[in-house]
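A.B. asks: Input my_file02.cif, format and content: mmCIF, C-alpha atoms.
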```
data_coords
#
loop_
_atom_site.label_atom_id
_atom_site.label_comp_id
_atom_site.auth_asym_id
_atom_site.auth_seq_id
_atom_site.Cartn_x
_atom_site.Cartn_y
_atom_site.Cartn_z
CA MET A 1 16.47 8.01 0.30
CA ALA A 2 14.95 8.05 3.78
CA ASN A 3 12.84 11.15 3.47
CA LYS A 4 12.54 11.31 -0.29
CA GLY A 5 9.15 12.15 -1.66
CA LEU A 6 7.06 9.71 -3.66
CA LEU A 7 6.88 9.84 -7.44
CA ILE A 8 3.22 8.98 -8.06
CA VAL A 9 2.22 8.07 -11.60
CA VAL A 10 -1.46 7.99 -12.58
CA SER A 11 -2.75 6.60 -15.87
CA GLY A 12 -5.99 5.14 -17.11
CA PRO A 13 -8.06 4.71 -20.24
CA SER A 14 -9.05 7.92 -22.00
CA GLY A 15 -12.31 9.25 -20.58
CA THR A 16 -11.90 7.61 -17.16
CA GLY A 17 -11.56 10.94 -15.41
CA LYS A 18 -7.88 11.02 -14.39
CA GLY A 19 -7.65 14.76 -14.72
CA THR A 20 -10.73 15.44 -12.59
CA VAL A 21 -9.59 13.08 -9.82
CA CYS A 22 -6.03 14.42 -9.83
CA ASP A 23 -7.27 18.03 -9.78
CA LEU A 24 -9.47 17.34 -6.73
CA TRP A 25 -6.63 15.47 -5.04
CA ARG A 26 -4.25 18.40 -5.44
CA LYS A 27 -6.92 20.81 -4.26
CA GLU A 28 -7.54 18.78 -1.08
CA TYR A 29 -3.84 18.08 -0.50
CA PRO A 30 -1.88 21.08 -1.82
CA ASP A 31 1.43 19.56 -0.68
CA ILE A 32 1.26 17.29 -3.72
CA GLN A 33 3.48 18.71 -6.43
CA TYR A 34 2.40 18.52 -10.01
CA SER A 35 4.79 17.86 -12.84
CA VAL A 36 4.15 20.16 -15.78
CA SER A 37 4.71 18.31 -19.05
CA ALA A 38 6.57 19.68 -22.03
CA THR A 39 4.90 19.51 -25.43
CA THR A 40 5.22 20.69 -29.01
CA ARG A 41 1.48 20.92 -29.52
CA LYS A 42 0.01 24.39 -29.87
CA PRO A 43 -1.50 26.00 -26.74
CA ARG A 44 -5.30 25.79 -26.57
CA GLU A 45 -7.26 28.86 -25.58
CA GLY A 46 -6.52 29.80 -21.98
CA GLU A 47 -3.53 27.45 -21.61
CA GLN A 48 -0.45 29.07 -20.11
CA ASP A 49 3.19 28.19 -20.62
CA GLY A 50 4.63 26.72 -17.41
CA ILE A 51 1.18 26.14 -15.92
CA ASN A 52 -0.64 23.76 -18.27
CA TYR A 53 2.42 22.76 -20.29
CA TYR A 54 5.86 23.95 -21.18
CA PHE A 55 5.33 24.77 -24.86
CA HIS A 56 8.29 24.01 -27.10
CA THR A 57 9.23 23.99 -30.74
CA ARG A 58 10.15 20.59 -32.19
CA GLU A 59 13.74 21.75 -32.34
CA SER A 60 14.02 22.70 -28.67
CA PHE A 61 12.11 19.55 -27.63
CA GLU A 62 14.52 17.37 -29.57
CA LYS A 63 17.41 19.14 -27.87
CA MET A 64 15.95 18.16 -24.49
CA ILE A 65 15.66 14.54 -25.65
CA GLU A 66 19.29 14.52 -26.78
CA ALA A 67 20.46 16.11 -23.54
CA GLY A 68 18.64 13.45 -21.46
CA GLU A 69 16.53 16.10 -19.80
CA LEU A 70 13.26 14.16 -20.03
CA LEU A 71 12.17 11.38 -17.69
CA GLU A 72 9.98 10.04 -20.50
CA TRP A 73 8.68 11.31 -23.79
CA ALA A 74 6.49 10.10 -26.61
CA GLU A 75 5.21 11.31 -29.95
CA VAL A 76 1.41 11.21 -30.13
CA TYR A 77 -0.48 12.21 -33.27
CA GLY A 78 2.55 14.11 -34.51
CA ASN A 79 3.23 16.05 -31.31
CA TYR A 80 5.90 15.42 -28.71
CA TYR A 81 4.94 15.12 -25.04
CA GLY A 82 7.48 14.64 -22.26
CA THR A 83 8.27 15.00 -18.58
CA PRO A 84 11.15 17.31 -17.60
CA LEU A 85 13.39 15.46 -15.17
CA LYS A 86 15.27 18.10 -13.19
CA LYS A 87 12.41 19.80 -11.36
CA ILE A 88 10.96 16.43 -10.36
CA GLN A 89 14.28 15.30 -8.92
CA GLU A 90 14.62 18.50 -6.91
CA LYS A 91 11.15 18.10 -5.41
CA LEU A 92 11.62 14.43 -4.56
CA GLU A 93 14.97 15.15 -2.92
CA ALA A 94 13.26 17.86 -0.86
CA GLY A 95 10.80 15.22 0.40
CA GLN A 96 7.87 16.40 -1.71
CA ASP A 97 5.53 13.98 -3.45
CA VAL A 98 5.25 14.56 -7.19
CA LEU A 99 2.24 13.56 -9.27
CA LEU A 100 2.58 12.57 -12.93
CA GLU A 101 -0.58 12.11 -14.94
CA ILE A 102 0.67 10.42 -18.09
CA ASP A 103 -0.29 7.74 -20.59
CA THR A 104 0.60 4.07 -20.18
CA GLN A 105 3.50 4.26 -22.63
CA GLY A 106 5.12 7.10 -20.69
CA ALA A 107 4.31 5.46 -17.36
CA MET A 108 6.08 2.25 -18.31
CA ASN A 109 9.11 4.26 -19.41
CA VAL A 110 9.12 5.98 -16.02
CA LYS A 111 8.77 2.61 -14.29
CA SER A 112 11.89 1.29 -16.00
CA LYS A 113 13.84 4.30 -14.68
CA VAL A 114 12.11 4.81 -11.31
CA PRO A 115 10.86 1.40 -10.15
CA GLU A 116 10.29 2.78 -6.63
CA GLY A 117 7.60 5.10 -8.03
CA VAL A 118 3.98 4.46 -7.09
CA PHE A 119 2.00 3.46 -10.18
CA ILE A 120 -1.78 3.85 -10.01
CA TYR A 121 -4.13 2.76 -12.78
CA LEU A 122 -7.54 4.42 -12.72
CA VAL A 123 -10.37 2.49 -14.37
CA PRO A 124 -14.05 3.23 -14.96
CA PRO A 125 -16.59 1.09 -13.07
CA SER A 126 -17.19 -0.74 -16.37
CA MET A 127 -16.71 -0.22 -20.08
CA ALA A 128 -20.46 0.40 -20.42
CA GLU A 129 -20.18 3.20 -17.86
CA LEU A 130 -17.15 4.63 -19.68
CA GLU A 131 -19.20 4.72 -22.89
CA ARG A 132 -22.09 6.39 -21.06
CA ARG A 133 -19.77 9.05 -19.61
CA ILE A 134 -18.08 9.85 -22.91
CA ARG A 135 -21.45 10.01 -24.68
CA GLY A 136 -22.69 12.33 -21.94
CA ARG A 137 -20.05 14.88 -22.85
CA GLY A 138 -21.40 14.99 -26.38
CA THR A 139 -17.98 15.82 -27.82
CA GLU A 140 -17.34 12.65 -29.83
CA THR A 141 -18.55 11.34 -33.14
CA GLU A 142 -19.67 7.68 -33.24
CA GLU A 143 -16.43 6.89 -34.99
CA SER A 144 -14.15 8.60 -32.47
CA LEU A 145 -16.20 7.12 -29.62
CA ALA A 146 -15.71 3.62 -31.02
CA ARG A 147 -12.00 4.29 -31.43
CA ARG A 148 -11.63 5.52 -27.84
CA LEU A 149 -13.53 2.58 -26.39
CA GLY A 150 -11.47 0.14 -28.45
CA ALA A 151 -8.25 1.78 -27.29
CA ALA A 152 -9.46 1.71 -23.67
CA ALA A 153 -10.17 -2.03 -23.77
CA ALA A 154 -6.85 -2.69 -25.49
CA GLU A 155 -4.79 -0.91 -22.85
CA ILE A 156 -6.44 -2.51 -19.80
CA GLU A 157 -3.86 -5.33 -19.94
CA ILE A 158 -1.09 -2.78 -19.28
CA GLY A 159 -2.88 -1.91 -16.03
CA LYS A 160 -1.54 -5.18 -14.61
CA ARG A 161 1.93 -3.67 -14.62
CA TYR A 162 0.89 -0.88 -12.26
CA ASP A 163 1.00 -1.23 -8.44
CA TYR A 164 -2.60 -0.26 -7.73
CA VAL A 165 -5.96 -0.27 -9.47
CA VAL A 166 -8.51 2.34 -8.43
CA VAL A 167 -12.10 2.29 -9.70
CA ASN A 168 -13.49 5.75 -10.44
CA ASP A 169 -16.97 5.14 -9.02
CA THR A 170 -17.11 8.74 -7.83
CA VAL A 171 -14.41 11.40 -8.05
CA GLU A 172 -14.37 11.72 -4.24
CA GLN A 173 -13.95 7.97 -3.64
CA ALA A 174 -11.19 7.70 -6.22
CA MET A 175 -9.40 10.71 -4.73
CA GLU A 176 -9.62 9.20 -1.25
CA ALA A 177 -8.18 5.94 -2.59
CA PHE A 178 -5.26 7.86 -4.13
CA GLU A 179 -4.59 9.55 -0.80
CA VAL A 180 -4.82 6.29 1.16
CA ILE A 181 -2.31 4.73 -1.24
CA ARG A 182 0.04 7.69 -0.80
CA LYS A 183 -0.09 7.39 2.99
CA ALA A 184 0.34 3.60 2.97
CA GLU A 185 3.29 3.79 0.58
CA ARG A 186 5.17 5.94 3.09
CA CYS A 187 5.12 2.86 5.35
CA ALA A 188 6.33 0.48 2.61
CA VAL A 189 9.23 -1.51 4.01
CA ASN A 190 11.57 -0.66 1.11
CA ARG A 191 11.19 3.03 1.99
CA ASN A 192 12.04 2.39 5.65
CA MET A 193 15.21 0.31 5.54
CA GLU A 194 17.32 3.10 7.04
CA LEU A 195 14.81 3.53 9.87
CA LEU A 196 15.06 -0.18 10.72
CA ASP A 197 18.85 -0.15 10.50
CA SER A 198 18.96 2.85 12.83
CA MET A 199 17.23 0.78 15.53
CA LYS A 200 19.63 -2.12 15.66
CA MET B 1 -9.92 -14.52 -5.01
CA ALA B 2 -11.63 -11.32 -6.16
CA ASN B 3 -13.51 -10.48 -3.00
CA LYS B 4 -11.44 -12.43 -0.51
CA GLY B 5 -10.63 -10.69 2.73
CA LEU B 6 -7.12 -9.65 3.70
CA LEU B 7 -5.03 -11.68 6.11
CA ILE B 8 -3.24 -8.96 8.06
CA VAL B 9 -0.29 -10.00 10.21
CA VAL B 10 1.09 -7.61 12.83
CA SER B 11 4.34 -8.18 14.71
CA GLY B 12 6.86 -6.02 16.49
CA PRO B 13 9.40 -6.07 19.26
CA SER B 14 8.05 -6.94 22.69
CA GLY B 15 6.86 -3.79 24.47
CA THR B 16 6.15 -1.84 21.27
CA GLY B 17 2.43 -1.80 21.95
CA LYS B 18 1.04 -4.15 19.29
CA GLY B 19 -1.81 -5.26 21.51
CA THR B 20 -2.92 -1.73 22.36
CA VAL B 21 -2.85 -0.58 18.73
CA CYS B 22 -4.67 -3.70 17.48
CA ASP B 23 -7.31 -3.41 20.20
CA LEU B 24 -8.03 0.21 19.27
CA TRP B 25 -8.10 -0.70 15.58
CA ARG B 26 -10.70 -3.40 16.13
CA LYS B 27 -12.73 -1.09 18.33
CA GLU B 28 -12.80 1.62 15.64
CA TYR B 29 -13.33 -0.86 12.79
CA PRO B 30 -15.35 -3.76 14.19
CA ASP B 31 -15.50 -5.45 10.77
CA ILE B 32 -11.92 -6.60 11.36
CA GLN B 33 -11.97 -10.20 12.51
CA TYR B 34 -9.56 -11.35 15.14
CA SER B 35 -7.91 -14.75 15.09
CA VAL B 36 -7.92 -16.37 18.51
CA SER B 37 -4.70 -18.32 19.07
CA ALA B 38 -4.46 -21.78 20.55
CA THR B 39 -2.03 -22.37 23.41
CA THR B 40 -1.01 -24.91 26.00
CA ARG B 41 -0.11 -22.30 28.57
CA LYS B 42 -2.36 -22.03 31.61
CA PRO B 43 -5.09 -19.36 31.55
CA ARG B 44 -4.24 -16.20 33.51
CA GLU B 45 -6.82 -14.72 35.80
CA GLY B 46 -9.78 -13.44 33.81
CA GLU B 47 -8.76 -15.09 30.53
CA GLN B 48 -11.56 -17.00 28.84
CA ASP B 49 -11.32 -20.00 26.54
CA GLY B 50 -12.29 -19.04 22.97
CA ILE B 51 -11.96 -15.30 23.74
CA ASN B 52 -8.35 -14.73 24.78
CA TYR B 53 -7.04 -18.11 23.65
CA TYR B 54 -8.20 -21.60 22.91
CA PHE B 55 -6.62 -23.43 25.83
CA HIS B 56 -5.36 -26.91 25.02
CA THR B 57 -3.47 -29.76 26.62
CA ARG B 58 -0.14 -30.64 25.02
CA GLU B 59 -1.73 -33.82 23.73
CA SER B 60 -4.62 -32.12 21.95
CA PHE B 61 -2.33 -29.36 20.60
CA GLU B 62 0.02 -31.97 19.13
CA LYS B 63 -2.97 -33.65 17.49
CA MET B 64 -3.82 -30.34 15.79
CA ILE B 65 -0.22 -30.05 14.56
CA GLU B 66 -0.31 -33.58 13.14
CA ALA B 67 -3.68 -32.97 11.48
CA GLY B 68 -2.36 -29.81 9.77
CA GLU B 69 -4.98 -27.71 11.50
CA LEU B 70 -2.62 -24.84 12.38
CA LEU B 71 -1.52 -22.08 10.04
CA GLU B 72 1.60 -21.68 12.16
CA TRP B 73 2.75 -22.79 15.57
CA ALA B 74 5.77 -22.42 17.81
CA GLU B 75 6.98 -23.56 21.20
CA VAL B 76 7.96 -20.62 23.41
CA TYR B 77 9.36 -21.11 26.93
CA GLY B 78 7.92 -24.63 27.00
CA ASN B 79 4.42 -23.73 25.83
CA TYR B 80 2.88 -24.22 22.41
CA TYR B 81 1.21 -21.30 20.63
CA GLY B 82 -0.52 -21.62 17.28
CA THR B 83 -3.07 -20.23 14.85
CA PRO B 84 -6.07 -22.42 13.97
CA LEU B 85 -6.45 -22.43 10.20
CA LYS B 86 -10.06 -23.33 9.46
CA LYS B 87 -11.87 -20.34 10.97
CA ILE B 88 -9.47 -17.94 9.29
CA GLN B 89 -10.06 -19.54 5.90
CA GLU B 90 -13.82 -19.30 6.35
CA LYS B 91 -13.64 -15.62 7.20
CA LEU B 92 -11.30 -14.75 4.32
CA GLU B 93 -13.51 -16.62 1.85
CA ALA B 94 -16.48 -14.63 3.17
CA GLY B 95 -14.58 -11.43 2.31
CA GLN B 96 -13.73 -10.54 5.91
CA ASP B 97 -10.32 -9.18 6.88
CA VAL B 98 -8.59 -11.21 9.58
CA LEU B 99 -6.00 -9.79 11.96
CA LEU B 100 -3.20 -11.96 13.36
CA GLU B 101 -1.03 -10.48 16.08
CA ILE B 102 1.85 -12.94 16.26
CA ASP B 103 5.61 -13.08 16.77
CA THR B 104 8.10 -12.80 13.92
CA GLN B 105 8.76 -16.54 13.83
CA GLY B 106 5.06 -17.30 13.39
CA ALA B 107 4.63 -14.43 10.94
CA MET B 108 7.37 -15.73 8.67
CA ASN B 109 5.77 -19.18 8.74
CA VAL B 110 2.46 -17.59 7.71
CA LYS B 111 4.24 -15.66 4.96
CA SER B 112 5.61 -18.84 3.45
CA LYS B 113 2.07 -20.25 3.27
CA VAL B 114 0.10 -17.06 2.55
CA PRO B 115 2.41 -14.71 0.63
CA GLU B 116 -0.58 -12.53 -0.35
CA GLY B 117 -1.07 -11.66 3.33
CA VAL B 118 -0.35 -8.11 4.47
CA PHE B 119 2.61 -8.08 6.84
CA ILE B 120 2.99 -5.06 9.12
CA TYR B 121 5.91 -4.54 11.47
CA LEU B 122 5.26 -2.13 14.34
CA VAL B 123 8.32 -0.42 15.82
CA PRO B 124 8.82 2.02 18.69
CA PRO B 125 9.99 5.56 17.80
CA SER B 126 13.43 4.52 19.08
CA MET B 127 15.04 1.91 21.30
CA ALA B 128 15.51 4.58 23.99
CA GLU B 129 11.75 5.24 23.89
CA LEU B 130 11.03 1.50 24.06
CA GLU B 131 13.19 1.28 27.19
CA ARG B 132 11.42 4.29 28.69
CA ARG B 133 8.01 2.73 28.04
CA ILE B 134 8.90 -0.67 29.48
CA ARG B 135 10.48 0.98 32.56
CA GLY B 136 7.32 3.04 32.95
CA ARG B 137 5.28 -0.08 33.45
CA GLY B 138 7.46 -1.04 36.38
CA THR B 139 6.93 -4.75 35.75
CA GLU B 140 10.46 -5.74 34.75
CA THR B 141 13.65 -6.40 36.68
CA GLU B 142 16.84 -4.84 35.29
CA GLU B 143 17.80 -8.26 34.02
CA SER B 144 14.53 -9.00 32.21
CA LEU B 145 14.50 -5.42 30.83
CA ALA B 146 17.99 -5.90 29.38
CA ARG B 147 16.92 -9.24 27.91
CA ARG B 148 13.83 -7.74 26.27
CA LEU B 149 15.72 -4.79 24.81
CA GLY B 150 18.42 -7.11 23.48
CA ALA B 151 15.78 -9.33 21.88
CA ALA B 152 14.03 -6.30 20.39
CA ALA B 153 17.21 -5.04 18.71
CA ALA B 154 18.04 -8.53 17.48
CA GLU B 155 14.70 -9.03 15.75
CA ILE B 156 14.59 -5.64 13.97
CA GLU B 157 16.38 -7.21 10.98
CA ILE B 158 13.41 -9.56 10.45
CA GLY B 159 11.22 -6.48 10.05
CA LYS B 160 12.75 -6.06 6.58
CA ARG B 161 10.84 -9.14 5.46
CA TYR B 162 7.49 -7.50 6.23
CA ASP B 163 5.57 -5.36 3.71
CA TYR B 164 5.14 -2.27 5.89
CA VAL B 165 6.83 -0.59 8.83
CA VAL B 166 4.68 1.51 11.15
CA VAL B 167 6.17 3.65 13.92
CA ASN B 168 4.14 3.63 17.12
CA ASP B 169 4.53 7.34 17.92
CA THR B 170 1.02 7.41 19.35
CA VAL B 171 -1.54 4.61 19.46
CA GLU B 172 -3.97 6.67 17.36
CA GLN B 173 -1.42 7.44 14.63
CA ALA B 174 -0.29 3.82 14.43
CA MET B 175 -3.92 2.65 14.26
CA GLU B 176 -4.65 5.11 11.46
CA ALA B 177 -1.58 3.86 9.56
CA PHE B 178 -2.84 0.27 9.92
CA GLU B 179 -6.22 1.29 8.53
CA VAL B 180 -4.68 3.24 5.64
CA ILE B 181 -2.59 0.18 4.74
CA ARG B 182 -5.69 -2.03 4.83
CA LYS B 183 -7.58 0.29 2.49
CA ALA B 184 -4.64 0.70 0.09
CA GLU B 185 -4.04 -3.05 -0.07
CA ARG B 186 -7.56 -3.54 -1.39
CA CYS B 187 -6.38 -1.60 -4.46
CA ALA B 188 -3.18 -3.65 -4.89
CA VAL B 189 -2.99 -4.77 -8.50
CA ASN B 190 -2.49 -8.44 -7.63
CA ARG B 191 -5.86 -8.38 -5.83
CA ASN B 192 -7.60 -6.84 -8.84
CA MET B 193 -6.54 -9.01 -11.77
CA GLU B 194 -10.03 -10.40 -12.26
CA LEU B 195 -11.47 -6.90 -12.28
CA LEU B 196 -9.06 -5.85 -15.03
CA ASP B 197 -9.74 -9.00 -17.04
CA SER B 198 -13.47 -8.37 -16.78
CA MET B 199 -13.01 -5.02 -18.56
CA LYS B 200 -11.23 -6.26 -21.67
#
```
Transcribe the structure of this file into structure tokens.
C.D. replies:
Amino acid sequence: MANKGLLIVVSGPSGTGKGTVCDLWRKEYPDIQYSVSATTRKPREGEQDGINYYFHTRESFEKMIEAGELLEWAEVYGNYYGTPLKKIQEKLEAGQDVLLEIDTQGAMNVKSKVPEGVFIYLVPPSMAELERRIRGRGTETEESLARRLGAAAAEIEIGKRYDYVVVNDTVEQAMEAFEVIRKAERCAVNRNMELLDSMK
Amino acid sequence: MANKGLLIVVSGPSGTGKGTVCDLWRKEYPDIQYSVSATTRKPREGEQDGINYYFHTRESFEKMIEAGELLEWAEVYGNYYGTPLKKIQEKLEAGQDVLLEIDTQGAMNVKSKVPEGVFIYLVPPSMAELERRIRGRGTETEESLARRLGAAAAEIEIGKRYDYVVVNDTVEQAMEAFEVIRKAERCAVNRNMELLDSMK
């Protein structure tokens, strides 16, 4: 365990900007490994198998579930999404940090299996600001906007089960907070028991 | 609690360099408040009352103990040492971070009273390196060196009760680790419950 990498799990209400912050973080710190999710949803234009997702049929996805090959999985709006376990384990064992950007349901499943993971909940500066940002994209109807904002407020309570809360004031500040958390967690006492024992 | 400062407690085996790292940290980040300890030991040359220590008689120190005015106190080699509570509380309430550089006994007393404090244990890269550093100062007899090294090894186990372990490879690296921990702790979920509740 001494030099194992960190499994870092990032979630947050839809529209908070998780993807943008995580993308910048990986760009600034390319040592961070990204976990590519598996899904049964159809590829969108430009999405590549093995880069954006591992695209599966329902049949092959269900085989992975049965074989215990997924760290977590969920069915969302009729499509499966899941996190392949093996590649993550290999990277962690090699001392690499692995980033998972997944929803709260998946994150809590991961937490039950990997409690030593680092769980970060990204929130908007306020719900009013979240609304302003989603409106600014111009991609939502009033109805879908209301649904997203309602879902965001409803899932805030789950944020209390994460280890850290980061406010996405700006992408740069949020990214720096992620990095500071990663560095601090390497000093967490429960990750340094062998070091202490080696000094006695 | 929302904007309270952090009470940061730093300990480590004698000779590890706590004082040097903390001094550099405060120099680089002057917003960090230092707690001046009270003691009954005599001032050394150049030490000033209220700067290095609050110097007390045994009688006045014991009055502070009885009045509950100390966050922690201990008697070491016949002298009292303690941490005056009131000024720390005022600074924390004002949102300022307060640094306590105290021994493990005092730190564990503080932890029982202020579990939300941030407890950092500074260790040398190895016991061999600690010996080399203490020898390098040329201030110890073989006997006192052996005593210090024995005490250092004996207290390593207590380090497991801290929140973080920082290795003092270089003063600069250790100082940066302290600062990273301070920043990350501001994002700790238990310090951000009110923020989350405000978003629901």
A.B. asks: Starting from the displayed file, determine the output of the PyMOL selection byres ((chain B) within 9 of (chain A)) and express the residue list as a ChimeraX atom specification.
C.D. replies: /B:120-121,123,125-127,152-157,159-167,177-193,196-200
A.B. asks: Hey, can you check how far atom CA of A:Ser11 sits from atom CA of A:Met108?
C.D. replies: 10.1 Å
A.B. asks: What's around B:Pro84 at 12 Å? Count all atoms listed in the file, leave out sequence neighbours fewer than 2 positions away in its own chain, and write the answer as a PyMOL selection string.
C.D. replies: chain B and resi 34-39+50+53-56+61+64-65+67-73+81-82+86-90+100+110
A.B. asks: Using all atoms listed in the file for the distances, tell me which of A:Ser60, A:Ser14, A:Asn79, A:Gln105 is nearest to A:Arg133.
C.D. replies: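 Between A:Ser60, A:Ser14, A:Asn79, A:Gln105, the residue approaching A:Arg133 most closely is A:Ser14.
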A.B. asks: Between atom CA of B:Gln96 and atom CA of B:Tyr29, what is the distance, to one decimal in Å?
C.D. replies: 11.9 Å
A.B. asks: Identify all residues satisfying the PyMOL selection byres ((chain B and resi 33) around 8) in the given file; provide them as a short mmCIF file (atom, residue, chain, number, x, y, z; two decimals) with C-alpha atoms, in the frame of the given file.
C.D. replies:
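Result written to result21.cif:
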```cif
data_model
loop_
_atom_site.label_atom_id
_atom_site.label_comp_id
_atom_site.auth_asym_id
_atom_site.auth_seq_id
_atom_site.Cartn_x
_atom_site.Cartn_y
_atom_site.Cartn_z
CA ARG B 26 -10.70 -3.40 16.13
CA PRO B 30 -15.35 -3.76 14.19
CA ASP B 31 -15.50 -5.45 10.77
CA ILE B 32 -11.92 -6.60 11.36
CA TYR B 34 -9.56 -11.35 15.14
CA SER B 35 -7.91 -14.75 15.09
CA LYS B 91 -13.64 -15.62 7.20
CA GLN B 96 -13.73 -10.54 5.91
CA ASP B 97 -10.32 -9.18 6.88
CA VAL B 98 -8.59 -11.21 9.58
CA LEU B 99 -6.00 -9.79 11.96
#
```
A.B. asks: Atom CA of B:Ala74 and atom CA of B:Arg135 are how many Å apart?
C.D. replies: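 According to the coordinates, atom CA of B:Ala74 and atom CA of B:Arg135 are separated by 28.1 Å.
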A.B. asks: Considering all atoms listed in the file, return as a list in words whatever protein or nucleic-acid residues lie within 8 Å of B:Ile102, sequence-local ones (same chain, fewer than 2 positions apart) excluded.
C.D. replies: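 Here the qualifying residues turn out to be Val9, Val10, Ser11, Leu100, Thr104, Gly106 and Ala107 of chain B.
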A.B. asks: Where does the PyMOL selection byres ((chain B and resi 145-148) around 10) land in this file, that is, which residues does it pick, as a ChimeraX atom specification?
C.D. replies: /B:13-15,130-131,134-135,138-144,149-154
